[in-house]
>>> print(open('entry.txt').read())   # compact mmCIF, C-alpha atoms
# COMPACT_ATOMS: atom_id res chain seq x y z
CA MET I 23 0.00 0.00 0.00
CA CYS I 24 1.50 3.36 -1.03
CA SER I 25 1.16 6.56 0.96
CA SER I 26 -1.66 7.82 -1.28
CA ASP I 27 -3.73 4.76 -0.31
CA LEU I 28 -3.49 5.37 3.44
CA PHE I 29 -6.68 6.03 5.34
CA LYS I 30 -7.84 6.28 8.93
CA MET I 31 -10.39 4.17 10.77
CA ARG I 32 -11.50 3.64 14.33
CA LEU I 33 -9.83 0.81 16.21
CA ARG I 34 -13.26 -0.74 16.78
CA THR I 35 -13.82 -0.82 13.02
CA PHE I 36 -10.40 -2.35 12.42
CA LEU I 37 -11.03 -5.10 14.99
CA LYS I 38 -14.30 -5.97 13.25
CA TYR I 39 -12.37 -6.10 9.96
CA CYS I 40 -9.85 -8.53 11.48
CA GLU I 41 -12.69 -10.91 12.33
CA ASP I 42 -14.33 -10.46 8.91
CA PRO I 43 -11.92 -9.07 6.24
CA SER I 44 -14.75 -8.91 3.69
CA LEU I 45 -15.96 -5.76 5.46
CA LEU I 46 -13.09 -3.77 3.93
CA ALA I 47 -12.25 -5.97 0.95
CA GLU I 48 -12.23 -3.07 -1.52
CA ARG I 49 -10.07 -0.78 0.60
CA ALA I 50 -7.60 -3.57 1.46
CA ALA I 51 -7.00 -4.13 -2.27
CA GLY I 52 -6.26 -7.82 -1.86
CA SER I 53 -3.58 -7.43 0.83
CA PRO I 54 -4.56 -7.85 4.51
CA LEU I 55 -4.30 -4.67 6.55
CA TYR I 56 -1.84 -4.93 9.43
CA PHE I 57 -1.67 -2.55 12.37
CA GLY I 58 1.38 -2.05 14.57
CA PHE I 59 1.69 0.69 17.17
CA GLN I 60 3.86 1.56 20.16
CA PRO I 61 1.67 2.89 22.99
CA PHE I 62 4.00 2.29 25.94
CA CYS I 63 6.11 5.43 25.69
CA ARG I 64 2.92 7.54 25.65
CA GLU I 65 1.22 5.72 28.50
CA CYS I 66 3.76 3.91 30.66
CA SER I 67 1.02 2.62 32.99
CA LEU I 68 0.24 0.05 30.27
CA LEU I 69 3.48 -1.70 31.24
CA ASN I 70 1.74 -2.71 34.47
CA ASP I 71 -0.72 -4.81 32.48
CA PHE I 72 1.81 -7.57 31.77
CA THR I 73 4.88 -9.16 33.31
CA TRP I 74 8.18 -9.01 31.46
CA PRO I 75 9.52 -12.56 30.87
CA GLU I 76 12.17 -13.32 33.48
CA GLU I 77 14.39 -15.01 30.89
CA CYS I 78 14.48 -11.83 28.76
CA ASN I 79 16.23 -9.38 31.06
CA ASN I 80 16.79 -6.09 29.26
CA LEU I 81 19.83 -3.83 29.71
CA TYR I 82 17.91 -0.78 28.50
CA ALA I 83 15.70 -0.95 31.58
CA ASP I 84 18.72 -0.08 33.76
CA LEU I 85 19.95 2.96 31.80
CA GLY I 86 17.63 5.65 33.20
CA ASP I 87 14.07 6.80 32.63
CA GLU I 88 14.71 8.91 29.52
CA ILE I 89 16.60 6.12 27.75
CA TYR I 90 14.01 3.53 28.76
CA GLU I 91 11.20 5.72 27.40
CA TRP I 92 13.16 6.10 24.17
CA TYR I 93 13.61 2.30 24.07
CA LEU I 94 9.86 1.78 24.51
CA ARG I 95 9.20 4.14 21.60
CA HIS I 96 11.36 2.12 19.21
CA PHE I 97 11.38 -1.49 20.40
CA GLY I 98 7.97 -2.37 21.84
CA VAL I 99 4.99 -2.95 19.56
CA LEU I 100 1.41 -4.22 19.64
CA LEU I 101 0.50 -6.04 16.41
CA ILE I 102 -3.07 -6.56 15.22
CA GLY I 103 -4.22 -8.14 11.97
CA PRO I 104 -6.56 -10.63 10.27
CA ALA I 105 -5.84 -14.17 9.14
CA GLY I 106 -3.43 -14.30 6.23
CA THR I 107 -1.22 -11.43 7.34
CA VAL I 108 2.39 -12.25 6.41
CA THR I 109 5.62 -10.70 7.67
CA PRO I 110 8.35 -11.59 5.11
CA THR I 111 11.57 -13.31 6.11
CA HIS I 112 13.88 -10.97 8.04
CA ALA I 113 16.23 -10.73 10.99
CA ASP I 114 15.43 -8.14 13.64
CA LEU I 115 17.46 -4.93 13.57
CA PHE I 116 20.57 -3.96 15.50
CA GLY I 117 21.51 -7.40 16.82
CA THR I 118 18.57 -7.58 19.21
CA HIS I 119 16.82 -10.62 20.64
CA ALA I 120 13.03 -10.53 20.66
CA TRP I 121 10.08 -12.04 22.46
CA LEU I 122 6.47 -12.19 21.33
CA ALA I 123 3.44 -12.93 23.47
CA GLN I 124 0.35 -14.09 21.60
CA LEU I 125 -2.67 -12.42 23.15
CA TRP I 126 -5.36 -13.52 20.69
CA GLY I 127 -5.49 -16.01 17.84
CA SER I 128 -2.63 -18.03 16.33
CA LYS I 129 0.54 -17.35 14.34
CA LYS I 130 3.01 -19.59 12.55
CA PHE I 131 6.76 -18.83 12.69
CA VAL I 132 9.36 -20.28 10.34
CA PHE I 133 12.96 -19.78 11.52
CA GLU I 134 16.32 -20.11 9.77
CA PRO I 135 19.51 -20.48 11.86
CA PRO I 136 22.09 -17.69 11.43
CA ASP I 137 24.60 -20.10 9.84
CA ARG I 138 22.11 -21.61 7.41
CA HIS I 139 24.01 -20.40 4.34
CA ARG I 140 27.45 -21.40 5.55
CA GLU I 141 29.19 -24.50 4.31
CA PRO I 142 28.30 -27.17 6.87
CA SER I 143 30.70 -29.63 8.42
CA THR I 144 29.64 -33.16 9.33
CA ASP I 145 28.51 -31.93 12.76
CA ASP I 146 26.51 -28.90 11.49
CA LEU I 147 22.84 -28.72 10.70
CA PRO I 148 21.86 -29.11 7.04
CA PRO I 149 21.92 -25.67 5.38
CA ASN I 150 18.26 -25.91 4.34
CA LEU I 151 16.94 -26.88 7.78
CA GLN I 152 14.14 -24.70 9.12
CA TYR I 153 12.32 -24.65 12.43
CA GLU I 154 8.58 -24.10 12.66
CA ALA I 155 6.45 -23.09 15.61
CA VAL I 156 2.79 -22.20 16.04
CA VAL I 157 1.83 -19.94 18.94
CA HIS I 158 -1.67 -19.63 20.34
CA ALA I 159 -3.25 -17.22 22.80
CA GLY I 160 -1.29 -17.42 26.05
CA ASP I 161 1.93 -18.63 24.40
CA LEU I 162 5.22 -16.74 24.38
CA ILE I 163 8.07 -17.29 21.92
CA VAL I 164 11.65 -15.99 22.22
CA PHE I 165 14.04 -15.80 19.29
CA PRO I 166 17.70 -14.82 19.48
CA GLN I 167 19.53 -12.23 17.41
CA GLY I 168 20.45 -13.21 13.89
CA TRP I 169 17.70 -15.79 13.42
CA ARG I 170 15.81 -14.95 10.23
CA HIS I 171 12.09 -15.63 10.39
CA ASN I 172 8.79 -15.09 8.66
CA VAL I 173 5.41 -14.98 10.35
CA THR I 174 1.90 -15.82 9.13
CA SER I 175 -1.29 -15.08 11.06
CA LEU I 176 -3.41 -18.24 10.97
CA THR I 177 -6.41 -16.44 12.48
CA ALA I 178 -7.28 -12.90 13.51
CA SER I 179 -4.37 -12.06 15.78
CA ILE I 180 -3.18 -9.70 18.52
CA SER I 181 0.47 -9.95 19.58
CA LEU I 182 2.75 -8.05 21.96
CA SER I 183 6.44 -8.00 21.05
CA PHE I 184 9.64 -6.41 22.38
CA ASN I 185 13.21 -6.48 21.15
CA PHE I 186 15.80 -6.57 23.92
CA VAL I 187 19.51 -6.60 24.67
CA ASN I 188 21.21 -8.49 27.50
CA HIS I 189 24.64 -9.90 28.36
CA THR I 190 24.39 -12.52 25.58
CA ASN I 191 24.05 -10.08 22.68
CA TYR I 192 25.23 -6.64 23.78
CA ALA I 193 28.46 -7.03 21.78
CA ALA I 194 26.52 -7.93 18.63
CA HIS I 195 24.17 -5.03 19.34
CA LEU I 196 27.05 -2.54 19.56
CA LEU I 197 28.59 -3.96 16.40
CA GLU I 198 25.33 -3.50 14.49
CA ILE I 199 25.08 0.07 15.77
CA CYS I 200 28.58 0.79 14.47
CA ARG I 201 27.73 -0.72 11.10
CA ASP I 202 24.81 1.66 10.62
CA LEU I 203 25.60 4.74 12.70
CA PRO I 204 23.63 7.25 10.59
CA ALA I 205 20.39 5.29 11.02
CA TRP I 206 21.09 4.81 14.71
CA MET I 207 21.78 8.49 15.28
CA ARG I 208 18.49 9.38 13.63
CA ARG I 209 16.83 7.26 16.28
CA LEU I 210 18.66 9.25 18.96
CA ASP I 211 17.54 12.59 17.53
CA SER I 212 15.42 13.59 20.52
CA PRO I 213 16.10 16.72 22.62
CA ALA I 214 15.22 14.94 25.88
CA LEU I 215 17.46 11.98 25.11
CA ARG I 216 20.32 14.19 23.93
CA LYS I 217 20.13 16.09 27.21
CA ALA I 218 20.05 12.88 29.25
CA LEU I 219 23.08 11.50 27.39
CA ASN I 220 24.89 14.86 27.35
CA ILE I 221 25.17 14.76 23.54
CA THR I 222 26.46 18.11 22.26
CA TRP I 223 26.93 17.20 18.61
CA LYS I 224 24.52 16.48 15.82
CA SER I 225 24.69 14.63 12.55
CA ASP I 226 23.04 14.81 9.16
CA ASP I 227 24.34 11.44 7.97
CA PHE I 228 27.68 12.65 9.37
CA ARG I 229 27.93 15.64 7.05
CA THR I 230 27.70 18.07 9.99
CA SER I 231 30.73 18.50 12.23
CA ARG I 232 30.62 18.52 16.02
CA SER I 233 28.83 21.58 17.33
CA ASP I 234 31.43 21.98 20.07
CA GLN I 235 34.39 21.72 17.71
CA ARG I 236 36.89 24.60 17.95
CA ASP I 237 39.35 25.87 15.32
>>> encode(input="entry.txt", output="structure tokens")
Amino acid sequence: MCSSDLFKMRLRTFLKYCEDPSLLAERAAGSPLYFGFQPFCRECSLLNDFTWPEECNNLYADLGDEIYEWYLRHFGVLLIGPAGTVTPTHADLFGTHAWLAQLWGSKKFVFEPPDRHREPSTDDLPPNLQYEAVVHAGDLIVFPQGWRHNVTSLTASISLSFNFVNHTNYAAHLLEICRDLPAWMRRLDSPALRKALNITWKSDDFRTSRSDQRD
């Protein structure tokens, strides 16, 4: 769907569509509509409505309120869609792990190990091996950084998902940040976060020099 095809609807209407996609068949143009939003940075009290998985401790939670609010804005999402919604094969950004809690309906995950395309030795998994999992309401799935996956909604679905960084992947996370610094700095372009981190320089894809630089 291109930007000119975007339109607004009430959440109540969208939820009815998820149960019966024929209600908006013409507007969906043959592709299921999929809704993802990040409400937690706007209303932090929503975090009290669920318990963070103990196995998924998150370093960002220990870096101060401003940084944690910034993290919630970029790495926590509520996903809602009808049956047939497909997320193409991808690996999550910036070397993060992720967990997903299925709140309503069912989804099918297909995973590829990070070394799938490497030349296997006799002790390695076959390069074409995939792992499949189906999650239902009440299930939680955790997938580590680097694992490519695609996701298909088998029914109308509501999911809660967070990316996270802990002691097992912080090095990979930092490496991915260094590999794509311009994109990462655009994520940091917030006055409140800059003040919290004492950032005195700015970047336009690194074409702007440090603001505190002296001749």
>>> residues_around(input="entry.txt", residues="Leu115 of chain I", least_positions_apart="4", cutoff="9 Å", atoms="all atoms listed in the file", output="list in words")
Gln167, Gly168, Asn185, His195 and Glu198 of chain I
>>> closest_atom_pairs(input="entry.txt", of="segment 145-226 of chain I", to="segment 95-100 of chain I", cutoff="10 Å", atoms="only C-alpha atoms", output="tab-separated table")
residue	atom	partner	partner_atom	distance
I:Ile180	CA	I:Leu100	CA	7.2
I:Ser181	CA	I:Leu100	CA	5.8
I:Leu182	CA	I:Leu100	CA	4.7
I:Ser183	CA	I:Val99	CA	5.5
I:Phe184	CA	I:Gly98	CA	4.4
I:Asn185	CA	I:Phe97	CA	5.4
I:Phe186	CA	I:Phe97	CA	7.6
I:Arg209	CA	I:His96	CA	8.1
>>> closest_residue(input="entry.txt", among="I:Asn191, I:Ser128, I:Gln152, I:Thr109", to="Asn172 of chain I", atoms="only C-alpha atoms")
I:Thr109
>>> residues_around(input="entry.txt", residues="Ser53 of chain I", least_positions_apart="6", cutoff="10 Å", atoms="only C-alpha atoms", output="ChimeraX atom specification")
/I:23,47,106-108
>>> residues_around(input="entry.txt", residues="Ala214 of chain I", least_positions_apart="3", cutoff="8 Å", atoms="only C-alpha atoms", output="MDAnalysis selection string")
chainID I and resid 88 217:218
>>> closest_residue(input="entry.txt", among="I:Pro61, I:Pro110, I:Pro204, I:Gly160", to="Gly127 of chain I", atoms="all atoms listed in the file")
I:Gly160
>>> residues_around(input="entry.txt", residues="Thr118 of chain I", least_positions_apart="4", cutoff="12 Å", atoms="all atoms listed in the file", output="ChimeraX atom specification")
/I:78,80-82,97,113-114,164-170,184-199
>>> atom_distance(input="entry.txt", atom1="atom CA of His112 of chain I", atom2="atom CA of Ser179 of chain I")
19.9 Å
>>> closest_residue(input="entry.txt", among="I:Ala105, I:Cys200, I:Ala51, I:Val173", to="Ala155 of chain I", atoms="all atoms listed in the file")
I:Val173
>>> atom_distance(input="entry.txt", atom1="atom CA of Phe72 of chain I", atom2="atom CA of Tyr56 of chain I")
22.8 Å
>>> closest_residue(input="entry.txt", among="I:Val132, I:Leu215, I:Leu55, I:Leu162", to="Thr174 of chain I", atoms="all atoms listed in the file")
I:Val132
>>> residues_around(input="entry.txt", residues="Lys129 of chain I", least_positions_apart="6", cutoff="6 Å", atoms="only C-alpha atoms", output="ChimeraX atom specification")
/I:156-157,174-176
>>> atom_distance(input="entry.txt", atom1="atom CA of Asp84 of chain I", atom2="atom CA of Gly58 of chain I")
25.9 Å
>>> closest_residue(input="entry.txt", among="I:Ala159, I:Leu69, I:Ile102, I:Ala120", to="Phe57 of chain I", atoms="all atoms listed in the file")
I:Ile102
>>> axis_aligned_box(input="entry.txt", around="segment 35-46 of chain I", padding_each_side="8 Å", output="lines of an AutoDock Vina configuration file")
center_x = -12.9
center_y = -5.9
center_z = 9.3
size_x = 22.1
size_y = 26.1
size_z = 27.3
